[in-house]
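Take a look at the structure set out below.
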Amino acid sequence: MNTKKKVVIAEGHQLFRDGLKAMLMARGDLEVVGEASDGLEAIRVVQRVQPDLLLLDLSMPRLSGISVMKDVKRQFPEIVILALTIHESDQYVLEAFDAGANGYCIK
């Protein structure tokens, strides 16, 4: 029995979010179960659907991705979080992993 992994995409840019969703939905093992355009919405969506994977932009409106990450990991430590960002500096990488990121991907 193959169960699809549930994914939430939290990304401030609609076009990028739509592209990610299309790529993920083309796979047979992943299902996008929620989307968010800002940090506060991301937390609400994660609380509601409790995904297996959160794709999280670090530069989100209303609440930073780092703050979202800390909150999500505190509530749901089993959720895998992949940070999506334009930031390549060591400072951002270290801060993301300190906050609970499981991976770090440059856009």
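So you can find residues: chains in the structure tokens are A, B, ... in the order shown, residues in each start at 1, and ligands are numbered from 1 in order.
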### Surrounding residues of Gln47 in chain A excluding itself and chain neighbours under 2 positions, 12 Å, only C-alpha atoms, as number ranges by chain
A: 8, 34, 40-45, 49-52, 54, 68, 71-76, 79
### Task
Would you mind listing what lies within 10 Å of Leu82 in chain A as a PyMOL selection string, with only C-alpha atoms counted and same-chain residues fewer than 2 positions away left out?
chain A and resi 9+53-58+69+79-80+84-85+96-97+100-105
### Query
Which neighbours of Leu20 in chain A fall inside 12 Å, counting only C-alpha atoms, when residues of the same chain fewer than 5 positions from it are skipped, and could you give them as number ranges by chain?
A: 7-11, 13-15, 25-27, 30-32, 35, 55-57, 84, 107
Residues from the last selection, C-alpha atoms, saved as a compact mmCIF listing (two decimals), in the first residue's frame:
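Result file selection21.txt:
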# COMPACT_ATOMS: atom_id res chain seq x y z
CA VAL A 7 2.89 18.58 1.39
CA VAL A 8 2.22 22.22 2.32
CA ILE A 9 3.80 24.96 0.22
CA ALA A 10 4.39 28.22 2.08
CA GLU A 11 5.72 30.69 -0.46
CA HIS A 13 5.18 34.51 -4.57
CA GLN A 14 2.10 33.04 -6.25
CA LEU A 15 3.85 32.19 -9.52
CA MET A 25 1.41 17.10 -8.31
CA ALA A 26 3.03 15.46 -11.35
CA ARG A 27 4.63 12.96 -8.98
CA LEU A 30 3.17 13.52 -3.17
CA GLU A 31 -0.06 15.43 -2.61
CA VAL A 32 -0.21 19.19 -2.05
CA GLU A 35 -0.76 26.49 0.48
CA LEU A 55 8.25 23.68 1.79
CA LEU A 56 8.90 27.03 3.44
CA ASP A 57 10.13 30.31 2.00
CA LEU A 84 13.40 27.58 0.17
CA LYS A 107 15.72 29.11 -5.39
### Task
Run DSSP on the backbone and grab whatever in chain A lands in strand (DSSP E or B); send it over as an MDAnalysis selection string.
chainID A and resid 5:10 30:36 53:57 80:85 103:106
Based on the selection just made, write N, CA and C atoms of those residues as a compact mmCIF listing (two decimals), in the first residue's frame.
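Written file, again27.txt:
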# COMPACT_ATOMS: atom_id res chain seq x y z
N LYS A 5 2.58 11.22 0.40
CA LYS A 5 3.05 12.14 1.43
C LYS A 5 2.34 13.47 1.24
N LYS A 6 1.88 14.04 2.35
CA LYS A 6 1.16 15.32 2.31
C LYS A 6 2.16 16.47 2.38
N VAL A 7 1.98 17.45 1.49
CA VAL A 7 2.89 18.58 1.39
C VAL A 7 2.12 19.89 1.52
N VAL A 8 2.71 20.83 2.28
CA VAL A 8 2.22 22.22 2.32
C VAL A 8 3.30 23.09 1.72
N ILE A 9 2.88 24.00 0.84
CA ILE A 9 3.80 24.96 0.22
C ILE A 9 3.51 26.34 0.82
N ALA A 10 4.50 26.88 1.51
CA ALA A 10 4.39 28.22 2.08
C ALA A 10 5.39 29.11 1.36
N LEU A 30 3.35 12.30 -3.95
CA LEU A 30 3.17 13.52 -3.17
C LEU A 30 1.81 14.14 -3.47
N GLU A 31 1.21 14.74 -2.44
CA GLU A 31 -0.06 15.43 -2.61
C GLU A 31 0.02 16.78 -1.90
N VAL A 32 -0.19 17.86 -2.65
CA VAL A 32 -0.21 19.19 -2.05
C VAL A 32 -1.56 19.37 -1.37
N VAL A 33 -1.53 19.47 -0.04
CA VAL A 33 -2.76 19.53 0.74
C VAL A 33 -3.03 20.93 1.30
N GLY A 34 -2.09 21.85 1.06
CA GLY A 34 -2.29 23.20 1.55
C GLY A 34 -1.26 24.15 1.00
N GLU A 35 -1.64 25.43 0.95
CA GLU A 35 -0.76 26.49 0.48
C GLU A 35 -0.92 27.70 1.38
N ALA A 36 0.16 28.48 1.48
CA ALA A 36 0.12 29.70 2.27
C ALA A 36 0.97 30.76 1.58
N LEU A 53 5.53 17.11 4.93
CA LEU A 53 6.58 17.98 4.44
C LEU A 53 6.06 19.41 4.30
N LEU A 54 6.86 20.35 4.79
CA LEU A 54 6.56 21.77 4.62
C LEU A 54 7.67 22.39 3.79
N LEU A 55 7.31 22.91 2.62
CA LEU A 55 8.25 23.68 1.79
C LEU A 55 8.04 25.13 2.19
N LEU A 56 9.07 25.75 2.77
CA LEU A 56 8.90 27.03 3.44
C LEU A 56 9.88 28.08 2.95
N ASP A 57 9.33 29.15 2.39
CA ASP A 57 10.13 30.31 2.00
C ASP A 57 10.59 31.01 3.28
N VAL A 80 8.80 17.34 8.37
CA VAL A 80 10.05 17.66 7.68
C VAL A 80 9.89 19.03 7.03
N ILE A 81 10.88 19.90 7.26
CA ILE A 81 10.82 21.26 6.70
C ILE A 81 12.01 21.48 5.77
N LEU A 82 11.69 21.86 4.54
CA LEU A 82 12.71 22.24 3.56
C LEU A 82 12.61 23.75 3.37
N ALA A 83 13.68 24.46 3.74
CA ALA A 83 13.73 25.90 3.56
C ALA A 83 14.02 26.23 2.10
N LEU A 84 13.21 27.10 1.54
CA LEU A 84 13.40 27.58 0.17
C LEU A 84 13.76 29.06 0.27
N THR A 85 14.86 29.45 -0.37
CA THR A 85 15.29 30.83 -0.17
C THR A 85 16.20 31.32 -1.28
N GLY A 103 16.36 20.64 5.63
CA GLY A 103 17.09 20.86 4.39
C GLY A 103 17.01 22.33 4.01
N TYR A 104 17.89 22.72 3.08
CA TYR A 104 18.01 24.14 2.68
C TYR A 104 18.23 24.15 1.18
N CYS A 105 17.34 24.81 0.45
CA CYS A 105 17.41 24.82 -1.00
C CYS A 105 17.39 26.26 -1.53
N ILE A 106 18.38 26.60 -2.35
CA ILE A 106 18.43 27.92 -2.97
C ILE A 106 17.48 27.93 -4.18
Within 8 Å of Asp38 in chain A using only C-alpha atoms, minus same-chain residues under 5 positions, as an mmCIF file with N, CA and C atoms, in the first residue's frame:
data_model
loop_
_atom_site.group_PDB
_atom_site.id
_atom_site.type_symbol
_atom_site.label_atom_id
_atom_site.label_comp_id
_atom_site.auth_asym_id
_atom_site.auth_seq_id
_atom_site.Cartn_x
_atom_site.Cartn_y
_atom_site.Cartn_z
ATOM 1 N N ALA A 10 4.503 26.883 1.508
ATOM 2 C CA ALA A 10 4.390 28.223 2.081
ATOM 3 C C ALA A 10 5.393 29.112 1.359
ATOM 4 N N GLU A 11 4.891 29.890 0.440
ATOM 5 C CA GLU A 11 5.724 30.694 -0.463
ATOM 6 C C GLU A 11 4.996 31.992 -0.754
ATOM 7 N N GLY A 12 5.685 33.104 -0.591
ATOM 8 C CA GLY A 12 5.073 34.414 -0.768
ATOM 9 C C GLY A 12 4.759 34.803 -2.200
ATOM 10 N N MET A 60 9.059 35.445 4.158
ATOM 11 C CA MET A 60 7.604 35.494 4.045
ATOM 12 C C MET A 60 7.065 36.796 4.636
ATOM 13 N N PRO A 61 5.952 37.314 4.087
ATOM 14 C CA PRO A 61 5.295 38.468 4.707
ATOM 15 C C PRO A 61 4.656 38.079 6.044
ATOM 16 N N ARG A 62 4.445 39.063 6.902
ATOM 17 C CA ARG A 62 3.740 38.975 8.179
ATOM 18 C C ARG A 62 4.466 38.186 9.263
ATOM 19 N N LEU A 63 5.198 37.143 8.926
ATOM 20 C CA LEU A 63 5.957 36.372 9.909
ATOM 21 C C LEU A 63 7.052 35.642 9.138
#
